[in-house]
file work_9.cif (mmCIF, C-alpha atoms)
data_final
#
loop_
_atom_site.label_atom_id
_atom_site.label_comp_id
_atom_site.auth_asym_id
_atom_site.auth_seq_id
_atom_site.Cartn_x
_atom_site.Cartn_y
_atom_site.Cartn_z
CA MET A 1 -122.19 -37.26 23.43
CA SER A 2 -121.15 -33.76 24.52
CA LYS A 3 -123.93 -31.39 25.32
CA GLN A 4 -124.35 -28.85 22.58
CA ILE A 5 -124.20 -25.42 24.15
CA GLN A 6 -127.04 -23.21 23.03
CA ILE A 7 -126.29 -19.67 22.03
CA ASP A 8 -128.56 -18.38 24.81
CA ASP A 9 -126.50 -20.45 27.30
CA ALA A 10 -123.32 -18.96 25.80
CA GLN A 11 -124.77 -15.47 26.09
CA GLY A 12 -125.65 -16.19 29.69
CA TYR A 13 -122.07 -17.21 30.43
CA LEU A 14 -120.79 -14.15 28.58
CA ASP A 15 -123.04 -11.75 30.51
CA ARG A 16 -122.01 -13.37 33.78
CA LEU A 17 -118.35 -12.96 32.85
CA ILE A 18 -118.94 -9.29 32.03
CA ARG A 19 -120.62 -8.72 35.40
CA GLU A 20 -117.76 -10.39 37.26
CA LEU A 21 -115.19 -8.30 35.39
CA HIS A 22 -117.12 -5.14 36.33
CA VAL A 23 -117.13 -6.27 39.97
CA LEU A 24 -113.38 -6.81 39.85
CA GLY A 25 -113.14 -3.20 38.51
CA LYS A 26 -109.57 -3.55 37.22
CA ASP A 27 -108.80 -0.77 34.72
CA GLY A 28 -106.67 -3.08 32.66
CA GLN A 29 -109.73 -5.16 31.91
CA GLN A 30 -111.73 -2.26 30.38
CA PRO A 31 -110.96 -2.89 26.65
CA LEU A 32 -111.73 -6.57 27.14
CA VAL A 33 -115.00 -5.72 28.92
CA ARG A 34 -116.01 -3.37 26.10
CA VAL A 35 -115.33 -6.08 23.50
CA LEU A 36 -117.29 -8.64 25.46
CA GLU A 37 -120.21 -6.22 25.90
CA TYR A 38 -120.17 -5.55 22.16
CA VAL A 39 -120.26 -9.30 21.42
CA SER A 40 -123.12 -9.77 23.91
CA ARG A 41 -125.16 -6.95 22.32
CA HIS A 42 -124.47 -8.41 18.89
CA ILE A 43 -125.70 -11.83 19.97
CA SER A 44 -128.88 -10.26 21.40
CA SER A 45 -129.67 -8.33 18.25
CA THR A 46 -128.95 -11.39 16.08
CA ARG A 47 -131.35 -13.48 18.18
CA GLU A 48 -134.01 -10.77 17.83
CA GLU A 49 -133.53 -10.69 14.05
CA ILE A 50 -133.80 -14.47 13.80
CA GLY A 51 -136.87 -14.43 16.01
CA ALA A 52 -138.43 -11.84 13.69
CA LEU A 53 -137.99 -14.08 10.62
CA ARG A 54 -141.45 -15.49 11.15
CA PRO A 55 -143.64 -12.38 11.13
CA ASP A 56 -147.00 -12.77 12.80
CA GLY A 57 -146.33 -16.47 13.41
CA VAL A 58 -146.68 -17.27 9.69
CA SER A 59 -144.47 -20.23 8.82
CA LEU A 60 -142.62 -20.56 5.55
CA SER A 61 -144.06 -24.04 5.13
CA SER A 62 -147.61 -22.62 5.11
CA THR A 63 -146.44 -20.19 2.44
CA ALA A 64 -145.12 -23.15 0.45
CA ASP A 65 -148.54 -24.84 0.87
CA GLU A 66 -150.22 -21.77 -0.61
CA LEU A 67 -147.86 -21.89 -3.60
CA GLU A 68 -148.56 -25.58 -4.17
CA GLU A 69 -152.24 -24.77 -4.06
CA ILE A 70 -151.63 -22.27 -6.88
CA LEU A 71 -150.06 -25.12 -8.87
CA SER A 72 -153.05 -27.40 -8.52
CA GLU A 73 -155.60 -24.63 -9.13
CA THR A 74 -153.86 -23.45 -12.30
CA ALA A 75 -153.68 -27.05 -13.53
CA ARG A 76 -157.43 -27.42 -12.92
CA ALA A 77 -158.13 -24.17 -14.76
CA ALA A 78 -155.87 -25.07 -17.72
CA ASN A 79 -157.62 -28.44 -18.07
CA GLU A 80 -161.06 -26.81 -17.95
CA ILE A 81 -159.99 -24.35 -20.64
CA MET A 82 -158.72 -27.17 -22.84
CA THR A 83 -161.90 -29.19 -22.37
CA ALA A 84 -163.82 -26.19 -23.68
CA ALA A 85 -161.43 -25.82 -26.63
CA GLU A 86 -161.82 -29.53 -27.46
CA SER A 87 -165.60 -29.08 -27.49
CA VAL A 88 -165.23 -26.16 -29.88
CA GLU A 89 -163.08 -28.31 -32.19
CA ARG A 90 -165.63 -31.13 -32.22
CA VAL A 91 -168.40 -28.71 -33.15
CA ALA A 92 -166.18 -27.07 -35.77
CA GLU A 93 -165.75 -30.34 -37.66
CA GLY A 94 -169.31 -30.17 -38.91
CA MET A 95 -169.16 -26.60 -40.11
CA GLU A 96 -168.31 -24.86 -43.36
CA PRO A 97 -164.57 -24.76 -44.08
CA CYS A 98 -164.09 -21.03 -43.35
CA VAL A 99 -165.90 -21.29 -40.03
CA ARG A 100 -164.20 -24.61 -39.19
CA ASP A 101 -160.73 -23.20 -39.91
CA THR A 102 -161.38 -20.09 -37.78
CA LEU A 103 -162.60 -22.14 -34.83
CA GLN A 104 -159.75 -24.63 -35.12
CA ALA A 105 -157.21 -21.80 -35.22
CA ALA A 106 -158.80 -20.36 -32.07
CA ALA A 107 -158.63 -23.77 -30.37
CA THR A 108 -154.95 -24.04 -31.33
CA ARG A 109 -154.19 -20.67 -29.73
CA ILE A 110 -155.94 -21.85 -26.58
CA TYR A 111 -153.78 -25.01 -26.43
CA GLU A 112 -150.62 -22.96 -26.95
CA ALA A 113 -151.59 -20.47 -24.25
CA SER A 114 -152.47 -23.27 -21.81
CA ALA A 115 -148.79 -24.13 -21.67
CA PHE A 116 -148.47 -21.24 -19.19
CA GLN A 117 -149.34 -23.74 -16.49
CA ASP A 118 -146.24 -25.81 -17.23
CA ILE A 119 -143.90 -22.81 -17.06
CA THR A 120 -145.49 -21.25 -13.97
CA GLY A 121 -145.56 -24.68 -12.35
CA GLN A 122 -141.82 -25.10 -12.80
CA ARG A 123 -141.13 -21.62 -11.40
CA ILE A 124 -143.38 -22.21 -8.41
CA THR A 125 -141.70 -25.55 -7.72
CA LYS A 126 -138.33 -23.78 -7.60
CA VAL A 127 -139.70 -21.19 -5.17
CA VAL A 128 -141.25 -23.88 -2.95
CA ARG A 129 -137.93 -25.74 -2.77
CA ALA A 130 -136.11 -22.52 -1.87
CA LEU A 131 -138.67 -21.77 0.87
CA GLN A 132 -138.35 -25.27 2.29
CA HIS A 133 -134.59 -24.91 2.39
CA ILE A 134 -134.82 -21.52 4.10
CA GLU A 135 -137.37 -22.88 6.60
CA ALA A 136 -135.01 -25.72 7.50
CA ARG A 137 -132.12 -23.28 8.06
CA VAL A 138 -134.29 -20.91 10.10
CA ASP A 139 -135.38 -23.85 12.27
CA VAL A 140 -131.75 -24.77 12.94
CA LEU A 141 -130.86 -21.16 13.77
CA THR A 142 -133.93 -20.74 15.95
CA LYS A 143 -133.11 -23.86 17.96
CA ALA A 144 -129.43 -22.92 18.24
CA CYS A 145 -130.41 -19.50 19.59
CA GLY A 146 -132.91 -20.97 22.02
CA ILE A 147 -135.64 -18.81 20.54
CA VAL A 148 -139.25 -19.69 21.19
CA THR A 149 -141.47 -18.41 18.42
CA LYS A 150 -144.19 -16.26 19.86
CA MET A 151 -147.68 -16.96 18.61
CA PRO A 152 -149.24 -13.76 17.33
CA ALA A 153 -151.99 -12.16 19.32
CA GLU A 154 -155.31 -13.37 17.97
CA ALA A 155 -157.04 -10.94 15.64
CA ILE A 156 -160.33 -9.65 16.90
CA GLY A 157 -163.43 -8.15 15.32
CA ASP A 158 -163.58 -7.82 11.54
CA LYS A 159 -159.83 -8.40 11.22
CA ALA A 160 -160.37 -11.95 12.43
CA LEU A 161 -162.56 -12.50 9.35
CA LEU A 162 -159.81 -11.65 6.84
CA ASN A 163 -158.14 -15.01 6.11
CA GLY A 164 -158.20 -15.33 2.33
CA PRO A 165 -158.90 -18.59 0.52
CA GLN A 166 -158.49 -21.80 2.49
CA LEU A 167 -156.31 -24.65 1.25
CA SER A 168 -158.50 -27.05 -0.72
CA CYS A 169 -158.08 -29.79 1.91
CA ASN A 170 -159.65 -27.47 4.51
CA ALA A 171 -162.10 -25.49 2.40
CA ALA A 172 -165.85 -25.96 2.83
CA THR A 173 -167.82 -26.90 -0.27
CA GLN A 174 -170.73 -24.79 -1.50
CA SER A 175 -173.23 -27.34 -0.27
CA GLU A 176 -171.63 -27.26 3.20
CA ILE A 177 -171.82 -23.47 3.14
CA ASP A 178 -175.47 -23.67 2.00
CA SER A 179 -176.30 -26.06 4.86
CA LEU A 180 -174.56 -23.81 7.37
CA PHE A 181 -176.25 -20.73 5.94
CA ALA A 182 -179.65 -22.36 6.18
CA SER A 183 -178.99 -23.29 9.78
CA VAL A 184 -178.15 -19.76 10.90
CA GLU A 185 -181.12 -17.69 11.92
CA HIS A 186 -181.72 -14.28 10.38
CA PRO A 187 -181.53 -11.46 12.88
CA SER A 188 -185.08 -10.35 13.63
CA MET B 1 -144.57 -32.21 -46.35
CA SER B 2 -147.17 -34.70 -45.19
CA LEU B 3 -146.41 -36.75 -42.13
CA ASP B 4 -147.17 -40.43 -41.73
CA LYS B 5 -150.50 -40.24 -39.92
CA ASN B 6 -150.07 -43.77 -38.60
CA MET B 7 -146.79 -43.10 -36.90
CA ARG B 8 -146.59 -44.03 -33.25
CA VAL B 9 -145.54 -41.09 -31.12
CA LEU B 10 -144.48 -41.24 -27.49
CA ILE B 11 -144.89 -37.98 -25.54
CA VAL B 12 -143.10 -37.69 -22.20
CA ASP B 13 -143.73 -34.98 -19.60
CA ASP B 14 -144.37 -34.90 -15.86
CA TYR B 15 -147.09 -32.23 -16.27
CA ASN B 16 -150.39 -33.74 -17.38
CA THR B 17 -151.43 -30.37 -18.82
CA MET B 18 -148.48 -30.45 -21.21
CA LEU B 19 -149.26 -34.03 -22.25
CA ARG B 20 -152.78 -32.94 -23.08
CA ILE B 21 -151.54 -29.93 -25.07
CA LEU B 22 -149.16 -32.11 -27.07
CA ARG B 23 -151.84 -34.70 -27.72
CA ASN B 24 -154.24 -32.02 -28.99
CA LEU B 25 -151.64 -30.38 -31.22
CA LEU B 26 -150.61 -33.78 -32.66
CA ARG B 27 -154.27 -34.58 -33.28
CA GLN B 28 -154.49 -31.38 -35.32
CA LEU B 29 -151.65 -32.81 -37.45
CA ASP B 30 -153.78 -35.97 -37.84
CA ILE B 31 -151.40 -37.89 -35.60
CA ASN B 32 -153.60 -39.89 -33.26
CA ASN B 33 -151.50 -42.92 -32.40
CA VAL B 34 -150.01 -41.31 -29.30
CA GLU B 35 -148.68 -42.90 -26.12
CA GLU B 36 -147.92 -40.98 -22.94
CA ALA B 37 -145.37 -41.30 -20.15
CA THR B 38 -144.77 -39.08 -17.14
CA ASP B 39 -141.04 -39.68 -16.79
CA GLY B 40 -138.06 -41.17 -18.60
CA GLU B 41 -138.19 -44.57 -16.88
CA LYS B 42 -141.80 -45.19 -17.87
CA ALA B 43 -141.03 -43.96 -21.39
CA LEU B 44 -138.15 -46.41 -21.73
CA ASP B 45 -140.37 -49.28 -20.56
CA ILE B 46 -142.94 -48.38 -23.23
CA MET B 47 -140.30 -48.15 -25.95
CA ARG B 48 -138.70 -51.46 -25.01
CA ARG B 49 -142.08 -53.18 -25.19
CA GLN B 50 -142.87 -51.63 -28.55
CA PRO B 51 -140.57 -49.15 -30.35
CA CYS B 52 -142.00 -45.77 -31.38
CA ASP B 53 -141.56 -43.76 -34.54
CA LEU B 54 -140.97 -40.52 -32.65
CA VAL B 55 -140.33 -39.45 -29.08
CA ILE B 56 -141.21 -35.94 -27.87
CA SER B 57 -139.85 -35.45 -24.38
CA ASP B 58 -139.52 -32.88 -21.63
CA TRP B 59 -136.11 -32.54 -19.92
CA ASN B 60 -136.86 -31.86 -16.26
CA MET B 61 -138.48 -35.02 -14.86
CA ALA B 62 -137.85 -37.50 -12.10
CA PRO B 63 -136.66 -40.16 -11.53
CA MET B 64 -135.28 -40.17 -15.09
CA THR B 65 -134.78 -36.87 -16.91
CA GLY B 66 -135.27 -36.34 -20.61
CA ILE B 67 -131.53 -36.19 -21.27
CA GLU B 68 -131.04 -39.50 -19.42
CA LEU B 69 -133.87 -40.99 -21.47
CA LEU B 70 -132.20 -39.75 -24.65
CA ARG B 71 -128.85 -41.29 -23.66
CA ASN B 72 -130.54 -44.59 -22.85
CA VAL B 73 -132.37 -44.57 -26.19
CA ARG B 74 -129.20 -43.78 -28.14
CA SER B 75 -127.23 -46.52 -26.41
CA ASP B 76 -129.91 -49.17 -27.02
CA GLU B 77 -129.17 -51.02 -30.29
CA ARG B 78 -132.88 -51.54 -30.96
CA LEU B 79 -133.95 -47.97 -30.19
CA ARG B 80 -131.02 -45.76 -31.11
CA ARG B 81 -132.36 -44.62 -34.48
CA THR B 82 -135.63 -43.32 -32.97
CA PRO B 83 -136.18 -39.62 -33.80
CA PHE B 84 -136.15 -37.73 -30.50
CA ILE B 85 -137.31 -34.15 -30.01
CA MET B 86 -136.69 -32.37 -26.71
CA VAL B 87 -139.48 -29.96 -25.71
CA THR B 88 -138.36 -28.08 -22.64
CA ALA B 89 -138.16 -24.81 -20.73
CA GLU B 90 -134.39 -25.39 -20.42
CA SER B 91 -132.96 -22.82 -22.81
CA LYS B 92 -129.34 -22.30 -21.79
CA THR B 93 -126.64 -22.83 -24.38
CA GLU B 94 -125.17 -25.69 -22.34
CA ASN B 95 -128.51 -27.53 -22.45
CA VAL B 96 -128.81 -27.31 -26.20
CA ILE B 97 -125.20 -28.39 -26.70
CA THR B 98 -125.54 -31.27 -24.27
CA ALA B 99 -128.72 -32.49 -25.94
CA LYS B 100 -127.21 -32.21 -29.40
CA GLN B 101 -124.11 -34.09 -28.31
CA ALA B 102 -126.32 -36.76 -26.78
CA GLY B 103 -127.99 -37.22 -30.16
CA VAL B 104 -131.23 -35.25 -29.95
CA SER B 105 -132.95 -34.85 -33.33
CA ASN B 106 -134.37 -31.41 -32.60
CA TYR B 107 -134.96 -29.01 -29.72
CA ILE B 108 -138.05 -26.95 -28.93
CA VAL B 109 -138.13 -24.37 -26.15
CA LYS B 110 -141.32 -23.84 -24.11
CA PRO B 111 -143.58 -22.01 -24.58
CA PHE B 112 -143.93 -23.05 -28.21
CA ASN B 113 -146.62 -22.81 -30.84
CA ALA B 114 -148.26 -25.39 -33.06
CA GLU B 115 -146.36 -24.27 -36.15
CA THR B 116 -142.98 -24.76 -34.44
CA LEU B 117 -143.98 -28.26 -33.34
CA ARG B 118 -145.06 -29.16 -36.85
CA ASN B 119 -141.93 -27.71 -38.46
CA LYS B 120 -139.60 -29.51 -36.07
CA ILE B 121 -141.37 -32.86 -36.56
CA GLU B 122 -141.28 -32.44 -40.35
CA SER B 123 -137.60 -31.48 -40.32
CA VAL B 124 -136.73 -34.58 -38.32
CA PHE B 125 -138.38 -36.84 -40.89
CA VAL B 126 -136.89 -35.05 -43.87
CA ARG B 127 -133.45 -35.78 -42.36
CA HIS B 128 -134.41 -39.33 -41.48
#

call {"tool": "encode", "arguments": {"input": "work_9.cif", "output": "structure tokens"}}
result
Amino acid sequence: MSKQIQIDDAQGYLDRLIRELHVLGKDGQQPLVRVLEYVSRHISSTREEIGALRPDGVSLSSTADELEEILSETARAANEIMTAAESVERVAEGMEPCVRDTLQAAATRIYEASAFQDITGQRITKVVRALQHIEARVDVLTKACGIVTKMPAEAIGDKALLNGPQLSCNAATQSEIDSLFASVEHPS
Amino acid sequence: MSLDKNMRVLIVDDYNTMLRILRNLLRQLDINNVEEATDGEKALDIMRRQPCDLVISDWNMAPMTGIELLRNVRSDERLRRTPFIMVTAESKTENVITAKQAGVSNYIVKPFNAETLRNKIESVFVRH
């Protein structure tokens, strides 16, 4: 199997060729040298742009994870809302007709509104698929360009405490937080 | 028009929230004999074991979509007369035409309200 030449290898060969043409110093080579220098600069700037596609080391797949978390959280919320509406309907059955009808109509509006989760879920799924596709293409480009993604410098001080909600698989429960809290001594 | 409260309805959707919404809205119409499936294949299995009086199905599901389910139902000699309502976020003209040509009984676009669901179910049974 032939060795696939990386773009950074190709740029290396190109830059070497440019240097050798400069050394030769033949005037007739000048337009060619200018074109080759232009191509070399273009490759460099393209590699920088591709390298910058992952700002601050954030991967697209972690963004997709956050979106999928939205899906499951909205499903949980919609189900909680409907459980409450079902309770209202059960209570309404034993009430006077005018009260019963009002409560049942309210429960119906809650069921109708809960369908938001289906629509948003479908939209989010489309976005997640698009992100996964883009991530795959960026990976291919990154490897082809021989780019090593730099890890961001670690945040320090209060900035290191700004992380937003954790994914549910990583998040601590309230009782774990309570145990940790109890174990930390108050400053005297 | 009053609906047959004993009719057996199969609701098909890959979102559990939507299944729950449909079940609750059908219960408000006094329709309580409701079966659920999360995709077309499972729905077809249920129908082949025991035919239903009405199918209410989403379109976008895997491994079998709602339109594939509809085509399978309409090509099955035992099932082909089953009233079939598509309830879906797919709202392009091509979708509606395709579903109609495949033999759908009615078409509801999400999000929908309880009155639309009731009207579409009633209209299917008036025709049938």

call {"tool": "resolve_selection", "arguments": {"input": "work_9.cif", "expression": "the PyMOL selection byres ((chain B) within 10 of (chain A))", "output": "list in words"}}
result
Asp13, Asp14, Tyr15, Asn16, Thr17, Met18, Leu19, Arg20, Ile21, Leu22, Arg23, Asn24, Leu25, Gln28, Asn60, Thr88, Ala89, Lys110, Pro111, Phe112, Asn113, Ala114 and Glu115 of chain B

call {"tool": "write_last_selection", "arguments": {"input": "work_9.cif", "atoms": "C-alpha atoms", "output": "short mmCIF file (atom, residue, chain, number, x, y, z; two decimals), keeping the file's coordinate frame"}}
result
data_model
loop_
_atom_site.label_atom_id
_atom_site.label_comp_id
_atom_site.auth_asym_id
_atom_site.auth_seq_id
_atom_site.Cartn_x
_atom_site.Cartn_y
_atom_site.Cartn_z
CA ASP B 13 -143.73 -34.98 -19.60
CA ASP B 14 -144.37 -34.90 -15.86
CA TYR B 15 -147.09 -32.23 -16.27
CA ASN B 16 -150.39 -33.74 -17.38
CA THR B 17 -151.43 -30.37 -18.82
CA MET B 18 -148.48 -30.45 -21.21
CA LEU B 19 -149.26 -34.03 -22.25
CA ARG B 20 -152.78 -32.94 -23.08
CA ILE B 21 -151.54 -29.93 -25.07
CA LEU B 22 -149.16 -32.11 -27.07
CA ARG B 23 -151.84 -34.70 -27.72
CA ASN B 24 -154.24 -32.02 -28.99
CA LEU B 25 -151.64 -30.38 -31.22
CA GLN B 28 -154.49 -31.38 -35.32
CA ASN B 60 -136.86 -31.86 -16.26
CA THR B 88 -138.36 -28.08 -22.64
CA ALA B 89 -138.16 -24.81 -20.73
CA LYS B 110 -141.32 -23.84 -24.11
CA PRO B 111 -143.58 -22.01 -24.58
CA PHE B 112 -143.93 -23.05 -28.21
CA ASN B 113 -146.62 -22.81 -30.84
CA ALA B 114 -148.26 -25.39 -33.06
CA GLU B 115 -146.36 -24.27 -36.15
#

call {"tool": "residues_near_point", "arguments": {"input": "work_9.cif", "point": "(-152.9, -34.5, -38.3)", "cutoff": "12 Å", "atoms": "only C-alpha atoms", "output": "count of residues only"}}
result
24

call {"tool": "resolve_selection", "arguments": {"input": "work_9.cif", "expression": "the PyMOL selection byres ((chain B and resi 79) around 10)", "output": "ChimeraX atom specification"}}
result
/B:44,47-48,50-53,72-78,80-83

call {"tool": "residues_near_point", "arguments": {"input": "work_9.cif", "point": "(-132.7, -38.0, -22.2)", "cutoff": "12 Å", "atoms": "only C-alpha atoms", "output": "MDAnalysis selection string"}}
result
chainID B and resid 12:13 39:41 43:44 55:75 80 84:88 95 98:105 107

call {"tool": "write_last_selection", "arguments": {"input": "work_9.cif", "atoms": "C-alpha atoms", "output": "PDB file, in the coordinates of the input"}}
result
ATOM      1  CA  VAL B  12    -143.100 -37.690 -22.200  1.00  0.00           C
ATOM      2  CA  ASP B  13    -143.730 -34.980 -19.600  1.00  0.00           C
ATOM      3  CA  ASP B  39    -141.040 -39.680 -16.790  1.00  0.00           C
ATOM      4  CA  GLY B  40    -138.060 -41.170 -18.600  1.00  0.00           C
ATOM      5  CA  GLU B  41    -138.190 -44.570 -16.880  1.00  0.00           C
ATOM      6  CA  ALA B  43    -141.030 -43.960 -21.390  1.00  0.00           C
ATOM      7  CA  LEU B  44    -138.150 -46.410 -21.730  1.00  0.00           C
ATOM      8  CA  VAL B  55    -140.330 -39.450 -29.080  1.00  0.00           C
ATOM      9  CA  ILE B  56    -141.210 -35.940 -27.870  1.00  0.00           C
ATOM     10  CA  SER B  57    -139.850 -35.450 -24.380  1.00  0.00           C
ATOM     11  CA  ASP B  58    -139.520 -32.880 -21.630  1.00  0.00           C
ATOM     12  CA  TRP B  59    -136.110 -32.540 -19.920  1.00  0.00           C
ATOM     13  CA  ASN B  60    -136.860 -31.860 -16.260  1.00  0.00           C
ATOM     14  CA  MET B  61    -138.480 -35.020 -14.860  1.00  0.00           C
ATOM     15  CA  ALA B  62    -137.850 -37.500 -12.100  1.00  0.00           C
ATOM     16  CA  PRO B  63    -136.660 -40.160 -11.530  1.00  0.00           C
ATOM     17  CA  MET B  64    -135.280 -40.170 -15.090  1.00  0.00           C
ATOM     18  CA  THR B  65    -134.780 -36.870 -16.910  1.00  0.00           C
ATOM     19  CA  GLY B  66    -135.270 -36.340 -20.610  1.00  0.00           C
ATOM     20  CA  ILE B  67    -131.530 -36.190 -21.270  1.00  0.00           C
ATOM     21  CA  GLU B  68    -131.040 -39.500 -19.420  1.00  0.00           C
ATOM     22  CA  LEU B  69    -133.870 -40.990 -21.470  1.00  0.00           C
ATOM     23  CA  LEU B  70    -132.200 -39.750 -24.650  1.00  0.00           C
ATOM     24  CA  ARG B  71    -128.850 -41.290 -23.660  1.00  0.00           C
ATOM     25  CA  ASN B  72    -130.540 -44.590 -22.850  1.00  0.00           C
ATOM     26  CA  VAL B  73    -132.370 -44.570 -26.190  1.00  0.00           C
ATOM     27  CA  ARG B  74    -129.200 -43.780 -28.140  1.00  0.00           C
ATOM     28  CA  SER B  75    -127.230 -46.520 -26.410  1.00  0.00           C
ATOM     29  CA  ARG B  80    -131.020 -45.760 -31.110  1.00  0.00           C
ATOM     30  CA  PHE B  84    -136.150 -37.730 -30.500  1.00  0.00           C
ATOM     31  CA  ILE B  85    -137.310 -34.150 -30.010  1.00  0.00           C
ATOM     32  CA  MET B  86    -136.690 -32.370 -26.710  1.00  0.00           C
ATOM     33  CA  VAL B  87    -139.480 -29.960 -25.710  1.00  0.00           C
ATOM     34  CA  THR B  88    -138.360 -28.080 -22.640  1.00  0.00           C
ATOM     35  CA  ASN B  95    -128.510 -27.530 -22.450  1.00  0.00           C
ATOM     36  CA  THR B  98    -125.540 -31.270 -24.270  1.00  0.00           C
ATOM     37  CA  ALA B  99    -128.720 -32.490 -25.940  1.00  0.00           C
ATOM     38  CA  LYS B 100    -127.210 -32.210 -29.400  1.00  0.00           C
ATOM     39  CA  GLN B 101    -124.110 -34.090 -28.310  1.00  0.00           C
ATOM     40  CA  ALA B 102    -126.320 -36.760 -26.780  1.00  0.00           C
ATOM     41  CA  GLY B 103    -127.990 -37.220 -30.160  1.00  0.00           C
ATOM     42  CA  VAL B 104    -131.230 -35.250 -29.950  1.00  0.00           C
ATOM     43  CA  SER B 105    -132.950 -34.850 -33.330  1.00  0.00           C
ATOM     44  CA  TYR B 107    -134.960 -29.010 -29.720  1.00  0.00           C
TER      45      TYR B 107
END

call {"tool": "residues_around", "arguments": {"input": "work_9.cif", "residues": "Gln132 of chain A", "least_positions_apart": "3", "cutoff": "8 Å", "atoms": "only C-alpha atoms", "output": "PyMOL selection string"}}
result
chain A and resi 60-61+64+128-129+135-136

call {"tool": "write_last_selection", "arguments": {"input": "work_9.cif", "atoms": "C-alpha atoms", "output": "mmCIF file, in the coordinates of the input"}}
result
data_model
loop_
_atom_site.group_PDB
_atom_site.id
_atom_site.type_symbol
_atom_site.label_atom_id
_atom_site.label_comp_id
_atom_site.auth_asym_id
_atom_site.auth_seq_id
_atom_site.Cartn_x
_atom_site.Cartn_y
_atom_site.Cartn_z
ATOM 1 C CA LEU A 60 -142.620 -20.560 5.550
ATOM 2 C CA SER A 61 -144.060 -24.040 5.130
ATOM 3 C CA ALA A 64 -145.120 -23.150 0.450
ATOM 4 C CA VAL A 128 -141.250 -23.880 -2.950
ATOM 5 C CA ARG A 129 -137.930 -25.740 -2.770
ATOM 6 C CA GLU A 135 -137.370 -22.880 6.600
ATOM 7 C CA ALA A 136 -135.010 -25.720 7.500
#

call {"tool": "axis_aligned_box", "arguments": {"input": "work_9.cif", "around": "segment 20-35 of chain B", "padding_each_side": "8 Å", "output": "AutoDock Vina command-line options"}}
result
--center_x -151.6 --center_y -36.4 --center_z -30.5 --size_x 21.8 --size_y 29.0 --size_z 30.8

call {"tool": "atom_distance", "arguments": {"input": "work_9.cif", "atom1": "atom CA of Arg47 of chain A", "atom2": "atom CA of Val138 of chain A"}}
result
11.4 Å

call {"tool": "atom_distance", "arguments": {"input": "work_9.cif", "atom1": "atom CA of Cys145 of chain A", "atom2": "atom CA of Thr63 of chain A"}}
result
23.5 Å
